[in-house]
Amino acid sequence: NKLGGVIALVMSIAILFILPILHTNKSQGLQFYPINQILFWYMVIIIILLTWIGARPVEAPFILTGQILTVLYFSYYILNPMISKIWDNFLK
């Protein structure tokens with residue numbers, strides 16, 4: 001589905017512009033958010049794997065792997081702020 005691919009591409013770039021606006025953590029760095037540090041390295045691995053899978057031919061195992069990695073990529077942007085808010089409430 002080409003329209004779905006275009007929408008995913010636009011959203012993957014738009015989310016990088018929207019993310020600083022939504023940043024409402026009490027602390028600016030990740031040194032006080034240990035779970036988010038783990039999520040950061042999870043995101044680095046996901047980006048490396050998505051880059052690798054993008055260079056593979058469009059065949060059966062690579063299509064499913066790319067779809068799973070794409071869902072994980074976008075789930076990071078949902079999980080990261082939620083875990084930060086939970087951690088802020090925990091530290092109160």
# chains A, B, ... in the order shown; residues from 1 in each chain; ligands from 1
call {"tool": "residues_around", "arguments": {"residues": "range 60-69 of chain A", "least_positions_apart": "4", "cutoff": "10 Å", "atoms": "only C-alpha atoms", "output": "ChimeraX atom specification"}}
result
/A:45-47,49-56,73-75
call {"tool": "write_last_selection", "arguments": {"atoms": "N, CA and C atoms", "output": "mmCIF file, in the first residue's frame"}}
result
data_model
loop_
_atom_site.group_PDB
_atom_site.id
_atom_site.type_symbol
_atom_site.label_atom_id
_atom_site.label_comp_id
_atom_site.auth_asym_id
_atom_site.auth_seq_id
_atom_site.Cartn_x
_atom_site.Cartn_y
_atom_site.Cartn_z
ATOM 1 N N ILE A 45 19.124 0.578 18.449
ATOM 2 C CA ILE A 45 19.151 -0.735 17.795
ATOM 3 C C ILE A 45 18.055 -0.831 16.732
ATOM 4 N N ILE A 46 16.867 -0.306 17.039
ATOM 5 C CA ILE A 46 15.760 -0.335 16.082
ATOM 6 C C ILE A 46 16.120 0.463 14.827
ATOM 7 N N ILE A 47 16.732 1.627 14.989
ATOM 8 C CA ILE A 47 17.107 2.448 13.835
ATOM 9 C C ILE A 47 18.166 1.741 12.988
ATOM 10 N N LEU A 49 18.619 -1.521 12.768
ATOM 11 C CA LEU A 49 17.958 -2.640 12.094
ATOM 12 C C LEU A 49 17.047 -2.170 10.962
ATOM 13 N N LEU A 50 16.351 -1.039 11.142
ATOM 14 C CA LEU A 50 15.518 -0.509 10.065
ATOM 15 C C LEU A 50 16.364 -0.067 8.878
ATOM 16 N N THR A 51 17.531 0.493 9.158
ATOM 17 C CA THR A 51 18.438 0.879 8.075
ATOM 18 C C THR A 51 18.914 -0.358 7.322
ATOM 19 N N TRP A 52 19.247 -1.403 8.052
ATOM 20 C CA TRP A 52 19.693 -2.635 7.417
ATOM 21 C C TRP A 52 18.572 -3.289 6.607
ATOM 22 N N ILE A 53 17.363 -3.321 7.174
ATOM 23 C CA ILE A 53 16.251 -3.985 6.501
ATOM 24 C C ILE A 53 15.830 -3.205 5.262
ATOM 25 N N GLY A 54 16.068 -1.894 5.250
ATOM 26 C CA GLY A 54 15.752 -1.088 4.078
ATOM 27 C C GLY A 54 16.645 -1.402 2.892
ATOM 28 N N ALA A 55 17.818 -1.958 3.154
ATOM 29 C CA ALA A 55 18.748 -2.314 2.078
ATOM 30 C C ALA A 55 18.526 -3.734 1.564
ATOM 31 N N ARG A 56 17.652 -4.477 2.188
ATOM 32 C CA ARG A 56 17.366 -5.855 1.774
ATOM 33 C C ARG A 56 16.314 -5.869 0.661
ATOM 34 N N TYR A 73 9.375 1.072 16.325
ATOM 35 C CA TYR A 73 9.896 2.438 16.182
ATOM 36 C C TYR A 73 8.874 3.444 16.692
ATOM 37 N N PHE A 74 7.623 3.313 16.254
ATOM 38 C CA PHE A 74 6.603 4.265 16.677
ATOM 39 C C PHE A 74 6.175 4.037 18.123
ATOM 40 N N SER A 75 6.274 2.810 18.628
ATOM 41 C CA SER A 75 5.902 2.565 20.020
ATOM 42 C C SER A 75 6.882 3.236 20.986
#
call {"tool": "select_by_dssp", "arguments": {"residues": "chain A", "states": "alpha helix (DSSP H)", "output": "count of residues only"}}
result
74
call {"tool": "closest_residue", "arguments": {"among": "A:Tyr76, A:Val58, A:Pro34, A:Tyr42", "to": "Asp88 in chain A", "atoms": "only C-alpha atoms"}}
result
A:Pro34
call {"tool": "closest_residue", "arguments": {"among": "A:Asn89, A:Asn36, A:Asn80, A:Asn1", "to": "Leu19 in chain A", "atoms": "only C-alpha atoms"}}
result
A:Asn80
call {"tool": "atom_distance", "arguments": {"atom1": "CA of Ser12 in chain A", "atom2": "CA of Tyr77 in chain A"}}
result
10.1 Å
call {"tool": "closest_residue", "arguments": {"among": "A:Leu39, A:Leu3, A:Ala14, A:Leu9", "to": "Pro81 in chain A", "atoms": "only C-alpha atoms"}}
result
A:Leu39
call {"tool": "atom_distance", "arguments": {"atom1": "CA of Met43 in chain A", "atom2": "CA of Ile13 in chain A"}}
result
15.0 Å
call {"tool": "residues_around", "arguments": {"residues": "Tyr33 in chain A", "least_positions_apart": "2", "cutoff": "9 Å", "atoms": "only C-alpha atoms", "output": "NGL selection string"}}
result
:A and (27 or 29-31 or 35-37 or 83-84 or 87-88)
call {"tool": "write_last_selection", "arguments": {"atoms": "N, CA and C atoms", "output": "PDB file, in the first residue's frame"}}
result
ATOM      1  N   SER A  27      13.287  16.967  34.472  1.00  0.00           N
ATOM      2  CA  SER A  27      14.721  16.969  34.237  1.00  0.00           C
ATOM      3  C   SER A  27      14.987  16.911  32.737  1.00  0.00           C
ATOM      4  N   GLY A  29      17.906  15.880  31.196  1.00  0.00           N
ATOM      5  CA  GLY A  29      18.724  14.753  30.782  1.00  0.00           C
ATOM      6  C   GLY A  29      18.101  13.422  31.142  1.00  0.00           C
ATOM      7  N   LEU A  30      18.741  12.361  30.668  1.00  0.00           N
ATOM      8  CA  LEU A  30      18.251  11.014  30.960  1.00  0.00           C
ATOM      9  C   LEU A  30      18.935  10.390  32.181  1.00  0.00           C
ATOM     10  N   GLN A  31      19.834  11.119  32.842  1.00  0.00           N
ATOM     11  CA  GLN A  31      20.575  10.504  33.940  1.00  0.00           C
ATOM     12  C   GLN A  31      19.674  10.137  35.113  1.00  0.00           C
ATOM     13  N   ILE A  35      15.056   3.790  33.145  1.00  0.00           N
ATOM     14  CA  ILE A  35      14.286   2.999  32.177  1.00  0.00           C
ATOM     15  C   ILE A  35      14.342   3.649  30.806  1.00  0.00           C
ATOM     16  N   ASN A  36      14.324   4.973  30.784  1.00  0.00           N
ATOM     17  CA  ASN A  36      14.408   5.679  29.507  1.00  0.00           C
ATOM     18  C   ASN A  36      15.789   5.545  28.880  1.00  0.00           C
ATOM     19  N   GLN A  37      16.809   5.355  29.682  1.00  0.00           N
ATOM     20  CA  GLN A  37      18.141   5.089  29.131  1.00  0.00           C
ATOM     21  C   GLN A  37      18.140   3.770  28.375  1.00  0.00           C
ATOM     22  N   ILE A  83       6.578   6.607  30.346  1.00  0.00           N
ATOM     23  CA  ILE A  83       7.490   6.126  31.388  1.00  0.00           C
ATOM     24  C   ILE A  83       8.133   7.302  32.116  1.00  0.00           C
ATOM     25  N   SER A  84       8.423   8.389  31.408  1.00  0.00           N
ATOM     26  CA  SER A  84       8.980   9.580  32.067  1.00  0.00           C
ATOM     27  C   SER A  84       7.999  10.149  33.082  1.00  0.00           C
ATOM     28  N   TRP A  87       7.846   7.877  36.082  1.00  0.00           N
ATOM     29  CA  TRP A  87       9.054   8.016  36.888  1.00  0.00           C
ATOM     30  C   TRP A  87       9.045   9.327  37.660  1.00  0.00           C
ATOM     31  N   ASP A  88       8.534  10.431  37.041  1.00  0.00           N
ATOM     32  CA  ASP A  88       8.423  11.698  37.757  1.00  0.00           C
ATOM     33  C   ASP A  88       7.478  11.572  38.949  1.00  0.00           C
TER      34      ASP A  88
END
call {"tool": "atom_distance", "arguments": {"atom1": "CA of Ile48 in chain A", "atom2": "CA of Met82 in chain A"}}
result
23.9 Å
